[in-house]
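Enquirer: Just so it is clear, I am handing over entry-v5.csv, which has CSV, C-alpha atoms.
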chain,number,residue,atom,x,y,z
A,1,MET,CA,-21.5,-0.4,34.9
A,2,ALA,CA,-22.4,-3.4,32.9
A,3,SER,CA,-21.2,-1.7,29.8
A,4,ASN,CA,-17.9,-0.7,31.4
A,5,LYS,CA,-17.3,-4.3,32.4
A,6,ALA,CA,-18.1,-5.5,28.9
A,7,ALA,CA,-15.9,-2.9,27.4
A,8,ARG,CA,-13.0,-3.8,29.7
A,9,ILE,CA,-13.4,-7.5,28.9
A,10,GLY,CA,-13.4,-6.7,25.2
A,11,GLU,CA,-10.3,-4.7,25.4
A,12,ASP,CA,-8.4,-7.3,27.4
A,13,VAL,CA,-9.3,-10.1,25.2
A,14,TRP,CA,-8.6,-8.1,22.0
A,15,LYS,CA,-5.1,-7.2,23.3
A,16,SER,CA,-4.0,-10.5,24.7
A,17,ARG,CA,-6.0,-13.6,23.5
A,18,THR,CA,-6.8,-13.1,19.9
A,19,GLU,CA,-4.7,-13.7,16.8
A,20,LYS,CA,-4.7,-10.9,14.4
A,21,ILE,CA,-5.1,-10.8,10.7
A,22,ASN,CA,-4.5,-8.1,8.2
A,23,THR,CA,-7.7,-6.0,7.6
A,24,GLU,CA,-7.3,-5.8,3.9
A,25,ILE,CA,-7.2,-9.6,3.6
A,26,VAL,CA,-10.6,-9.7,5.3
A,27,THR,CA,-12.0,-6.9,3.3
A,28,LEU,CA,-10.9,-8.2,0.0
A,29,THR,CA,-11.9,-11.8,0.8
A,30,TYR,CA,-15.4,-10.7,1.9
A,31,GLY,CA,-15.6,-8.5,-1.2
A,32,THR,CA,-14.8,-11.4,-3.4
A,33,ILE,CA,-17.5,-13.5,-1.7
A,34,VAL,CA,-20.1,-10.9,-2.3
A,35,SER,CA,-19.2,-10.2,-5.9
A,36,SER,CA,-19.0,-13.9,-6.7
A,37,LEU,CA,-22.5,-14.4,-5.2
A,38,CYS,CA,-23.7,-11.5,-7.3
A,39,ARG,CA,-22.3,-13.1,-10.4
A,40,ASP,CA,-23.7,-16.6,-9.6
A,41,LEU,CA,-27.2,-15.9,-8.2
A,42,LEU,CA,-29.1,-14.7,-11.1
A,43,LEU,CA,-32.8,-14.1,-11.6
A,44,PRO,CA,-34.4,-17.2,-13.2
A,45,ASN,CA,-34.5,-17.1,-17.0
A,46,THR,CA,-31.9,-14.4,-17.3
A,47,THR,CA,-28.2,-14.5,-18.0
A,48,SER,CA,-26.8,-11.6,-16.1
A,49,THR,CA,-29.3,-9.8,-13.8
A,50,THR,CA,-28.4,-10.5,-10.2
A,51,ASP,CA,-31.1,-11.6,-7.8
A,52,TYR,CA,-30.1,-9.4,-4.9
A,53,ALA,CA,-32.8,-10.8,-2.6
A,54,ALA,CA,-31.2,-14.2,-3.1
A,55,VAL,CA,-27.7,-12.8,-2.4
A,56,ASN,CA,-29.0,-11.2,0.9
A,57,ALA,CA,-30.5,-14.5,1.9
A,58,GLU,CA,-27.4,-16.5,1.1
A,59,LEU,CA,-25.2,-14.0,3.1
A,60,ASP,CA,-27.5,-14.4,6.0
A,61,ARG,CA,-27.4,-18.1,5.8
A,62,MET,CA,-23.6,-18.1,5.7
A,63,GLY,CA,-23.6,-15.8,8.7
A,64,TYR,CA,-26.0,-18.1,10.5
A,65,ASN,CA,-23.7,-21.0,10.1
A,66,ILE,CA,-20.7,-18.9,11.3
A,67,GLY,CA,-22.7,-17.6,14.3
A,68,LEU,CA,-23.6,-21.1,15.5
A,69,ARG,CA,-20.0,-21.9,15.9
A,70,LEU,CA,-18.7,-18.5,16.8
A,71,ILE,CA,-20.7,-18.3,20.0
A,72,GLU,CA,-18.6,-21.1,21.6
A,73,ASP,CA,-15.4,-19.3,20.7
A,74,PHE,CA,-16.7,-16.1,22.1
A,75,LEU,CA,-17.9,-17.6,25.4
A,76,ALA,CA,-14.6,-19.4,25.8
A,77,LYS,CA,-12.5,-16.3,25.2
A,78,SER,CA,-14.5,-13.8,27.1
A,79,ASN,CA,-15.6,-15.9,30.1
A,80,THR,CA,-18.7,-13.8,30.6
A,81,GLY,CA,-21.6,-15.5,32.4
A,82,ALA,CA,-25.2,-15.4,31.3
A,83,CYS,CA,-26.8,-12.1,30.6
A,84,GLN,CA,-29.7,-11.1,32.8
A,85,ASN,CA,-31.7,-9.2,30.3
A,86,LEU,CA,-31.7,-7.9,26.8
A,87,ARG,CA,-30.0,-4.6,27.7
A,88,GLU,CA,-27.0,-6.5,29.1
A,89,THR,CA,-27.0,-8.7,26.0
A,90,ALA,CA,-26.9,-5.7,23.8
A,91,GLU,CA,-24.0,-4.2,25.7
A,92,VAL,CA,-22.0,-7.5,25.6
A,93,ILE,CA,-22.6,-7.9,21.9
A,94,SER,CA,-21.4,-4.4,21.0
A,95,LYS,CA,-18.6,-3.9,23.4
A,96,THR,CA,-17.2,-7.4,23.8
A,97,GLY,CA,-18.4,-9.4,20.8
A,98,PHE,CA,-17.7,-7.0,17.9
A,99,LYS,CA,-14.6,-5.8,19.7
A,100,ILE,CA,-13.0,-9.2,19.9
A,101,PHE,CA,-13.7,-10.3,16.3
A,102,LEU,CA,-13.7,-7.1,14.3
A,103,ASN,CA,-12.1,-4.6,16.6
A,104,ILE,CA,-15.0,-2.2,16.2
A,105,THR,CA,-17.6,-1.0,18.8
A,106,PRO,CA,-21.0,-0.3,17.3
A,107,VAL,CA,-23.1,2.0,19.4
A,108,VAL,CA,-26.3,0.6,21.0
A,109,SER,CA,-29.1,3.0,20.5
A,110,GLY,CA,-32.7,3.3,19.5
A,111,TRP,CA,-34.3,1.2,22.2
A,112,SER,CA,-37.9,0.5,21.4
A,113,SER,CA,-40.6,1.4,23.9
A,114,ASP,CA,-41.3,-2.2,24.9
A,115,GLY,CA,-37.5,-2.8,25.3
A,116,LYS,CA,-37.5,-5.7,22.9
A,117,SER,CA,-35.6,-4.2,20.1
A,118,PHE,CA,-32.5,-2.0,19.7
A,119,GLY,CA,-30.3,-0.7,17.0
A,120,LEU,CA,-26.5,-1.0,16.5
A,121,VAL,CA,-25.0,1.9,14.7
A,122,PHE,CA,-21.7,1.2,13.0
A,123,GLU,CA,-19.3,4.2,12.6
A,124,GLU,CA,-16.8,2.1,10.6
A,125,ASN,CA,-17.3,-1.1,8.8
A,126,PRO,CA,-14.1,-2.9,7.9
A,127,LEU,CA,-16.0,-5.3,5.6
A,128,ALA,CA,-17.0,-2.4,3.4
A,129,ASP,CA,-13.7,-0.5,2.9
A,130,PHE,CA,-13.2,0.8,-0.7
A,131,VAL,CA,-16.5,-0.7,-1.8
A,132,GLU,CA,-18.9,1.0,-4.3
A,133,LEU,CA,-22.1,-0.8,-5.1
A,134,PRO,CA,-22.5,-1.6,-8.8
A,135,ASP,CA,-24.5,1.0,-10.6
A,136,ASP,CA,-27.0,-1.2,-12.4
A,137,GLY,CA,-29.8,0.8,-10.7
A,138,ARG,CA,-31.0,-2.0,-8.5
A,139,ALA,CA,-28.0,-2.8,-6.2
A,140,GLN,CA,-28.5,0.5,-4.4
A,141,GLU,CA,-32.0,-0.4,-3.4
A,142,GLU,CA,-31.8,-4.1,-2.9
A,143,LEU,CA,-28.4,-5.3,-1.7
A,144,TRP,CA,-27.4,-5.2,1.9
A,145,TYR,CA,-23.6,-5.6,1.5
A,146,SER,CA,-22.8,-6.6,5.1
A,147,ASN,CA,-25.7,-8.9,5.6
A,148,ILE,CA,-23.4,-11.7,6.8
A,149,LEU,CA,-23.2,-9.9,10.1
A,150,CYS,CA,-27.0,-10.2,10.6
A,151,GLY,CA,-26.7,-13.9,10.1
A,152,VAL,CA,-23.8,-14.2,12.6
A,153,LEU,CA,-25.8,-12.5,15.3
A,154,ARG,CA,-28.9,-14.5,14.6
A,155,GLY,CA,-27.0,-17.8,14.8
A,156,ALA,CA,-25.0,-16.9,17.8
A,157,LEU,CA,-28.1,-15.7,19.8
A,158,GLU,CA,-30.1,-18.8,18.8
A,159,MET,CA,-27.5,-21.0,20.5
A,160,VAL,CA,-28.0,-19.1,23.8
A,161,GLN,CA,-31.7,-19.6,23.7
A,162,MET,CA,-32.8,-16.3,22.1
A,163,GLN,CA,-34.7,-16.1,18.9
A,164,VAL,CA,-34.1,-12.8,17.2
A,165,ASP,CA,-34.7,-11.0,14.0
A,166,VAL,CA,-31.7,-9.0,12.7
A,167,ARG,CA,-31.7,-6.8,9.7
A,168,PHE,CA,-30.0,-3.7,8.3
A,169,VAL,CA,-32.1,-0.6,8.1
A,170,SER,CA,-29.6,1.8,6.6
A,171,ASP,CA,-26.1,1.6,5.0
A,172,VAL,CA,-23.6,4.2,4.0
A,173,LEU,CA,-22.9,2.2,0.8
A,174,ARG,CA,-26.4,2.9,-0.2
A,175,GLY,CA,-26.1,6.6,0.4
A,176,ASN,CA,-27.6,6.8,3.9
A,177,ASP,CA,-25.9,8.7,6.6
A,178,THR,CA,-25.2,5.8,8.9
A,179,THR,CA,-25.0,2.0,8.9
A,180,GLU,CA,-27.5,0.7,11.3
A,181,MET,CA,-28.6,-2.8,12.2
A,182,ARG,CA,-31.9,-3.5,14.0
A,183,VAL,CA,-32.1,-6.4,16.4
A,184,THR,CA,-35.5,-7.5,17.7
A,185,LEU,CA,-36.1,-10.2,20.3
A,186,LEU,CA,-38.9,-12.5,19.2
A,187,LYS,CA,-38.9,-15.0,22.1
A,188,TYR,CA,-36.7,-16.9,24.5
A,189,ILE,CA,-36.4,-20.5,23.3
A,190,GLU,CA,-37.5,-23.1,25.8
A,191,ASP,CA,-35.9,-26.5,25.5
A,192,GLU,CA,-38.5,-28.8,24.1
A,193,MET,CA,-38.7,-32.6,24.2
A,194,PRO,CA,-38.2,-34.1,20.7
A,195,PRO,CA,-41.5,-35.0,19.1
A,196,ASP,CA,-40.9,-38.7,19.6
A,197,ASP,CA,-41.8,-39.7,23.2
A,198,GLU,CA,-39.3,-42.4,23.7
B,1,MET,CA,-5.1,25.3,-22.7
B,2,SER,CA,-6.7,21.9,-22.9
B,3,TYR,CA,-5.9,18.5,-21.7
B,4,TYR,CA,-7.1,15.0,-22.6
B,5,PHE,CA,-6.5,12.4,-20.0
B,6,THR,CA,-6.9,8.7,-20.5
B,7,ILE,CA,-6.2,5.5,-18.7
B,8,ILE,CA,-5.1,2.5,-20.9
B,9,GLY,CA,-5.3,-1.1,-19.7
B,10,THR,CA,-2.9,-3.9,-20.3
B,11,LYS,CA,-4.4,-4.9,-23.6
B,12,ASP,CA,-4.2,-1.3,-25.0
B,13,ASN,CA,-7.9,-0.9,-24.2
B,14,PRO,CA,-9.0,2.5,-23.0
B,15,LEU,CA,-10.6,2.3,-19.5
B,16,PHE,CA,-11.3,5.9,-18.8
B,17,GLU,CA,-11.1,9.2,-20.6
B,18,SER,CA,-11.7,12.8,-19.6
B,19,THR,CA,-11.2,16.2,-21.3
B,20,PHE,CA,-10.7,19.4,-19.4
B,21,GLY,CA,-9.0,22.7,-19.6
B,22,THR,CA,-6.7,24.5,-17.2
B,23,SER,CA,-8.2,26.0,-14.1
B,24,LYS,CA,-5.4,28.3,-13.2
B,25,PRO,CA,-6.8,31.7,-12.4
B,26,GLY,CA,-6.6,34.2,-15.2
B,27,THR,CA,-5.8,31.7,-18.0
B,28,GLY,CA,-8.7,29.3,-18.1
B,29,ASP,CA,-12.1,28.3,-16.7
B,30,GLY,CA,-11.7,24.6,-16.7
B,31,THR,CA,-13.3,23.8,-20.0
B,32,ALA,CA,-11.5,22.3,-22.9
B,33,ARG,CA,-11.2,24.1,-26.1
B,34,PHE,CA,-10.4,21.4,-28.6
B,35,ARG,CA,-11.4,21.5,-32.2
B,36,ASP,CA,-14.1,19.2,-33.4
B,37,GLU,CA,-11.7,16.7,-35.0
B,38,ALA,CA,-9.9,16.5,-31.8
B,39,ALA,CA,-12.3,14.0,-30.4
B,40,GLN,CA,-10.9,11.3,-32.7
B,41,MET,CA,-7.4,12.7,-33.2
B,42,ASN,CA,-6.7,12.9,-29.5
B,43,GLN,CA,-7.3,9.3,-28.9
B,44,PHE,CA,-5.3,8.4,-32.0
B,45,ILE,CA,-2.3,10.5,-31.0
B,46,VAL,CA,-2.3,9.1,-27.5
B,47,HIS,CA,-2.5,5.5,-28.7
B,48,ALA,CA,0.3,6.2,-31.2
B,49,ALA,CA,2.4,7.3,-28.2
B,50,LEU,CA,1.9,3.9,-26.5
B,51,ASP,CA,4.8,2.5,-28.5
B,52,LEU,CA,7.1,5.1,-27.1
B,53,VAL,CA,5.9,4.4,-23.6
B,54,GLU,CA,6.7,0.7,-24.0
B,55,GLU,CA,10.2,1.6,-25.1
B,56,VAL,CA,10.9,4.1,-22.3
B,57,GLN,CA,9.4,2.1,-19.5
B,58,TRP,CA,12.3,-0.3,-19.4
B,59,THR,CA,14.9,2.5,-19.2
B,60,THR,CA,13.9,3.9,-15.9
B,61,LYS,CA,12.9,2.7,-12.4
B,62,ASP,CA,10.6,5.7,-12.0
B,63,LEU,CA,6.9,5.2,-12.5
B,64,TYR,CA,6.5,8.6,-13.9
B,65,LEU,CA,7.8,8.7,-17.5
B,66,LYS,CA,7.6,12.4,-18.2
B,67,LYS,CA,7.1,13.6,-21.7
B,68,VAL,CA,7.2,10.7,-24.1
B,69,ASP,CA,6.0,12.2,-27.4
B,70,THR,CA,5.0,15.3,-29.3
B,71,PHE,CA,2.8,15.7,-32.3
B,72,GLN,CA,2.5,19.2,-33.8
B,73,ASN,CA,1.9,21.1,-30.6
B,74,ASN,CA,0.4,18.3,-28.5
B,75,HIS,CA,2.6,17.0,-25.8
B,76,ILE,CA,2.0,13.6,-24.1
B,77,HIS,CA,3.1,12.7,-20.6
B,78,ALA,CA,2.8,9.2,-19.3
B,79,TYR,CA,2.8,7.4,-16.0
B,80,ILE,CA,2.8,3.7,-15.7
B,81,THR,CA,1.5,1.7,-12.8
B,82,GLY,CA,2.8,-1.5,-11.3
B,83,GLY,CA,0.1,-3.4,-13.1
B,84,ASN,CA,1.1,-2.1,-16.5
B,85,VAL,CA,-1.8,0.3,-16.7
B,86,LYS,CA,-0.8,3.5,-18.4
B,87,PHE,CA,-2.1,7.0,-17.5
B,88,MET,CA,-1.6,9.3,-20.5
B,89,LEU,CA,-2.1,13.0,-20.4
B,90,LEU,CA,-2.2,15.0,-23.6
B,91,MET,CA,-1.7,18.7,-23.3
B,92,ASN,CA,-2.2,21.3,-26.0
B,93,ALA,CA,-1.4,25.0,-25.5
B,94,ASP,CA,-3.6,26.4,-28.1
B,95,PRO,CA,-5.8,23.8,-29.9
B,96,SER,CA,-7.0,26.2,-32.5
B,97,LEU,CA,-3.5,26.3,-34.0
B,98,THR,CA,-3.2,22.6,-34.4
B,99,ALA,CA,-3.8,21.4,-37.9
B,100,TYR,CA,-4.4,17.7,-38.2
B,101,SER,CA,-3.9,17.6,-41.9
B,102,ASN,CA,-1.1,15.7,-43.7
B,103,TYR,CA,1.0,18.8,-43.8
B,104,ALA,CA,3.3,18.8,-40.9
B,105,SER,CA,3.5,22.5,-40.6
B,106,PRO,CA,0.9,24.4,-38.6
B,107,PRO,CA,-1.2,27.0,-40.3
B,108,PRO,CA,0.0,30.6,-40.3
B,109,SER,CA,0.0,31.7,-36.7
B,110,ARG,CA,-2.0,34.6,-35.4
B,111,ALA,CA,-1.4,36.4,-32.1
B,112,SER,CA,-1.8,33.5,-29.8
B,113,MET,CA,-2.8,33.5,-26.2
B,114,ALA,CA,-0.5,30.7,-25.5
B,115,LYS,CA,2.4,33.0,-25.1
B,116,GLN,CA,1.2,34.1,-21.7
B,117,GLY,CA,3.6,33.2,-19.0
B,118,GLY,CA,2.5,30.5,-16.6
B,119,LEU,CA,0.8,28.2,-19.1
B,120,LEU,CA,2.2,24.7,-18.7
B,121,ALA,CA,2.0,23.6,-22.2
B,122,ALA,CA,4.0,26.6,-23.4
B,123,ASN,CA,7.1,25.0,-22.1
B,124,PRO,CA,6.4,21.3,-21.8
B,125,THR,CA,9.8,20.1,-20.6
B,126,SER,CA,10.3,22.7,-17.9
B,127,PRO,CA,10.7,21.3,-14.4
B,128,GLN,CA,7.5,23.1,-13.3
B,129,THR,CA,5.5,21.3,-15.8
B,130,GLU,CA,7.0,18.0,-15.0
B,131,GLU,CA,6.4,18.6,-11.3
B,132,ALA,CA,2.8,19.6,-11.8
B,133,VAL,CA,2.0,16.7,-14.0
B,134,ARG,CA,3.9,14.3,-11.6
B,135,GLY,CA,1.7,15.6,-8.7
B,136,PHE,CA,-1.4,15.1,-10.8
B,137,MET,CA,-0.5,11.6,-11.7
B,138,GLY,CA,0.4,10.8,-8.1
B,139,GLU,CA,-3.1,11.8,-7.0
B,140,ILE,CA,-4.7,9.9,-9.8
B,141,TYR,CA,-2.7,6.8,-8.9
B,142,GLU,CA,-4.1,6.9,-5.3
B,143,ALA,CA,-7.6,7.3,-6.6
B,144,TRP,CA,-7.0,4.5,-9.0
B,145,VAL,CA,-5.8,2.1,-6.3
B,146,LYS,CA,-8.9,2.7,-4.3
B,147,CYS,CA,-11.0,2.2,-7.4
B,148,ILE,CA,-9.5,-1.2,-8.2
B,149,MET,CA,-9.9,-2.4,-4.6
B,150,ASN,CA,-13.7,-2.3,-5.2
B,151,PRO,CA,-14.8,-5.9,-5.3
B,152,PHE,CA,-17.3,-5.1,-7.9
B,153,TYR,CA,-14.8,-3.8,-10.4
B,154,ASP,CA,-13.4,-6.2,-12.9
B,155,VAL,CA,-9.8,-5.5,-13.6
B,156,ASN,CA,-9.1,-4.3,-17.1
B,157,SER,CA,-12.7,-3.3,-17.7
B,158,GLU,CA,-14.1,0.2,-18.1
B,159,VAL,CA,-14.2,2.5,-15.1
B,160,THR,CA,-17.7,3.8,-14.6
B,161,SER,CA,-17.5,5.0,-11.0
B,162,PRO,CA,-18.6,8.6,-10.6
B,163,VAL,CA,-16.5,8.9,-7.5
B,164,PHE,CA,-13.3,8.2,-9.5
B,165,ARG,CA,-14.3,10.8,-12.1
B,166,GLY,CA,-14.9,13.3,-9.4
B,167,ARG,CA,-11.5,12.7,-8.0
B,168,VAL,CA,-9.8,13.1,-11.4
B,169,SER,CA,-11.5,16.5,-11.9
B,170,ALA,CA,-10.5,17.6,-8.4
B,171,ALA,CA,-6.9,16.6,-9.1
B,172,ALA,CA,-7.0,18.4,-12.4
B,173,LYS,CA,-8.2,21.6,-10.7
B,174,ARG,CA,-5.5,21.4,-8.1
B,175,TYR,CA,-2.5,20.7,-10.3
B,176,LEU,CA,-3.1,21.7,-13.9
Let me see whether you can do it: turn the structure in this file into structure tokens.

Expert:
Amino acid sequence: MASNKAARIGEDVWKSRTEKINTEIVTLTYGTIVSSLCRDLLLPNTTSTTDYAAVNAELDRMGYNIGLRLIEDFLAKSNTGACQNLRETAEVISKTGFKIFLNITPVVSGWSSDGKSFGLVFEENPLADFVELPDDGRAQEELWYSNILCGVLRGALEMVQMQVDVRFVSDVLRGNDTTEMRVTLLKYIEDEMPPDDE
Amino acid sequence: MSYYFTIIGTKDNPLFESTFGTSKPGTGDGTARFRDEAAQMNQFIVHAALDLVEEVQWTTKDLYLKKVDTFQNNHIHAYITGGNVKFMLLMNADPSLTAYSNYASPPPSRASMAKQGGLLAANPTSPQTEEAVRGFMGEIYEAWVKCIMNPFYDVNSEVTSPVFRGRVSAAAKRYL
């Protein structure tokens, strides 16, 4: 019932209150960003070997900055109240959040036994259309192409008082069967007084 | 019957090449039967045909330029894309008959298998040949567009994607 409500809100907002943009512009722009990062972030003391760990970290950081701002837009458009628990949060993320911004609905699955972590399985990923990872032997093992999405979730959830760890565990671009992202709740953030007492 | 297919970029640099034979049942098993010298001569012949491609491309609005050149019994068909990238297909009905020496005449012919009906290169200007090659080029064009949409591919550089090579082979099996 919570997921149906989330799905319905997502559909309504997608149909009525969002401006649309051509998918291919988004795909090609994101592709340019990733390939520029791969050209610019090189291993120290080399001229052309990409440091894929640094690229992943940079994509995550970019996503984090996007997420901090995106959450306001999301709450304004969707008008959902606070979620009661992690399950509800997961449903809202997948059915409303991704629907509004990318028009996809990843499937929530793989709940861990303590209920603190879940997986999001993407059947389609518009950021990665037409992409083939470069075949220099290392990209296949080290690059998470859509890592910006992890950063976006991390930033957005931090603004609603949840500290999470988000990472990809499999990606069809790497040859796996599915693209799956793992979200783990670390803790709820309590508001703290600034260190200075005045 | 054997084919040599190559993609040539805007600076006359080859981006991709592939050799294969006809896969039509009864006439071939998909492998090329070029002579040893063919490796260099094929590329040479195709590049020599580029001049003719550049002349013909302004005379028609069609992207498919049909047969542009013949050399001994090699026939060359060309397709040009919007980005001035040229797909060239060289077809040779019976490579063992082709002499690349200075003498323009082929060596004395023996009973050649190329006279079987149904081989495309036996009659290179027939509508069936043109249609088959046109279909092949169309499919390559679609695969090509997907290949250049890849953000990691630098335009006008060599195509190393195994997916693209697979698609070329599949198209060759279907049409040629």

Enquirer: Return as a list in words the residues belonging to chain A that are within 10 Å of chain B, counting all atoms listed in the file.

Expert: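 Those within range of chain B come out as Glu24, Thr27, Leu28, Thr29, Tyr30, Gly31, Thr32, Ile33, Val34, Ser35, Ser36, Cys38, Arg39, Ala128, Asp129, Phe130, Val131, Glu132, Leu133, Pro134 and Asp135 of chain A.
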
Enquirer: Please determine, counting all atoms listed in the file, which residue among B:Phe16, B:Trp58, B:Phe44, B:Tyr79 has the shortest atom-to-atom distance to Glu130 (chain B).

Expert: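 Going through B:Phe16, B:Trp58, B:Phe44, B:Tyr79 one by one, the smallest distance to Glu130 (chain B) is for B:Tyr79.
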
Enquirer: Around the point (-5.3, 15.2, -11.6) in the file's coordinates, collect all residues with an atom within 12 Å, using all atoms listed in the file, and return them as a PyMOL selection string.

Expert: chain B and resi 3-6+18-23+87-89+132-144+164-176

Enquirer: Could you take the residues named above and write them with C-alpha atoms, as a tab-separated table (two decimals), keeping the file's coordinate frame?

Expert:
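Okay, this is what ended up in out-v2.tsv:
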chain	number	residue	atom	x	y	z
B	3	TYR	CA	-5.90	18.50	-21.70
B	4	TYR	CA	-7.10	15.00	-22.60
B	5	PHE	CA	-6.50	12.40	-20.00
B	6	THR	CA	-6.90	8.70	-20.50
B	18	SER	CA	-11.70	12.80	-19.60
B	19	THR	CA	-11.20	16.20	-21.30
B	20	PHE	CA	-10.70	19.40	-19.40
B	21	GLY	CA	-9.00	22.70	-19.60
B	22	THR	CA	-6.70	24.50	-17.20
B	23	SER	CA	-8.20	26.00	-14.10
B	87	PHE	CA	-2.10	7.00	-17.50
B	88	MET	CA	-1.60	9.30	-20.50
B	89	LEU	CA	-2.10	13.00	-20.40
B	132	ALA	CA	2.80	19.60	-11.80
B	133	VAL	CA	2.00	16.70	-14.00
B	134	ARG	CA	3.90	14.30	-11.60
B	135	GLY	CA	1.70	15.60	-8.70
B	136	PHE	CA	-1.40	15.10	-10.80
B	137	MET	CA	-0.50	11.60	-11.70
B	138	GLY	CA	0.40	10.80	-8.10
B	139	GLU	CA	-3.10	11.80	-7.00
B	140	ILE	CA	-4.70	9.90	-9.80
B	141	TYR	CA	-2.70	6.80	-8.90
B	142	GLU	CA	-4.10	6.90	-5.30
B	143	ALA	CA	-7.60	7.30	-6.60
B	144	TRP	CA	-7.00	4.50	-9.00
B	164	PHE	CA	-13.30	8.20	-9.50
B	165	ARG	CA	-14.30	10.80	-12.10
B	166	GLY	CA	-14.90	13.30	-9.40
B	167	ARG	CA	-11.50	12.70	-8.00
B	168	VAL	CA	-9.80	13.10	-11.40
B	169	SER	CA	-11.50	16.50	-11.90
B	170	ALA	CA	-10.50	17.60	-8.40
B	171	ALA	CA	-6.90	16.60	-9.10
B	172	ALA	CA	-7.00	18.40	-12.40
B	173	LYS	CA	-8.20	21.60	-10.70
B	174	ARG	CA	-5.50	21.40	-8.10
B	175	TYR	CA	-2.50	20.70	-10.30
B	176	LEU	CA	-3.10	21.70	-13.90

Enquirer: By how many Å are CA of Ser170 (chain A) and CA of Ile21 (chain A) apart?

Expert: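 According to the coordinates, CA of Ser170 (chain A) and CA of Ile21 (chain A) are separated by 27.9 Å.
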
Enquirer: Provide the CA of Met181 (chain A) to CA of Phe168 (chain A) distance in Å, to one decimal place.

Expert: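 Separating CA of Met181 (chain A) from CA of Phe168 (chain A) is a distance of 4.2 Å.
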
Enquirer: As a PyMOL selection string, please: the residues near Gly83 (chain B) (cut-off 10 Å, only C-alpha atoms, same-chain neighbours under 2 positions excluded).

Expert: chain B and resi 9-10+80-81+85-86

Enquirer: My list of candidates is A:Val183, A:Asp136, A:Asn103, A:Gly151. Which is closest to Ser48 (chain A) when distances are computed with all atoms listed in the file?

Expert: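 Of all the options, A:Asp136 lies closest to Ser48 (chain A).
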
Enquirer: Can you pull out the residues contacting Phe74 (chain A)? Cut-off 9 Å, using all atoms listed in the file, and skip same-chain residues under 5 positions away; I want them as a VMD selection string.

Expert: chain A and resid 79 96 to 97 100 to 101

Enquirer: Would you mind exporting the chosen residues as a PDB file, keeping the file's coordinate frame, restricted to C-alpha atoms?

Expert:
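Heads up, here's the output in result_0.pdb:
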ATOM      1  CA  ASN A  79     -15.600 -15.900  30.100  1.00  0.00           C
ATOM      2  CA  THR A  96     -17.200  -7.400  23.800  1.00  0.00           C
ATOM      3  CA  GLY A  97     -18.400  -9.400  20.800  1.00  0.00           C
ATOM      4  CA  ILE A 100     -13.000  -9.200  19.900  1.00  0.00           C
ATOM      5  CA  PHE A 101     -13.700 -10.300  16.300  1.00  0.00           C
TER       6      PHE A 101
END

Enquirer: Measuring atom to atom with only C-alpha atoms, identify which of A:Met159, A:Leu186, A:Leu153, A:Ile104 is nearest to Ser117 (chain A).

Expert: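 So, comparing all the options, the nearest one is A:Leu186.
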
Enquirer: In Å, how far is it from CA of Ser112 (chain A) to CA of Glu190 (chain A)?

Expert: 24.0 Å

Enquirer: Could you pull out every residue with an atom within 12 Å of (-25.6, 2.6, 20.8), file coordinates, counting only C-alpha atoms, and send them as a list in words?

Expert: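 Residues close enough to count: Ser3, Arg87, Ala90, Glu91, Val92, Ile93, Ser94, Lys95, Thr105, Pro106, Val107, Val108, Ser109, Gly110, Trp111, Phe118, Gly119, Leu120, Val121, Phe122, Glu123, Thr179, Glu180, Met181, Arg182 and Val183 of chain A.
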
Enquirer: Restricting the calculation to all atoms listed in the file, which member of B:Asn13, B:Phe34, B:Ile45, B:Val53 is positioned closest to Ala93 (chain B)?

Expert: B:Phe34
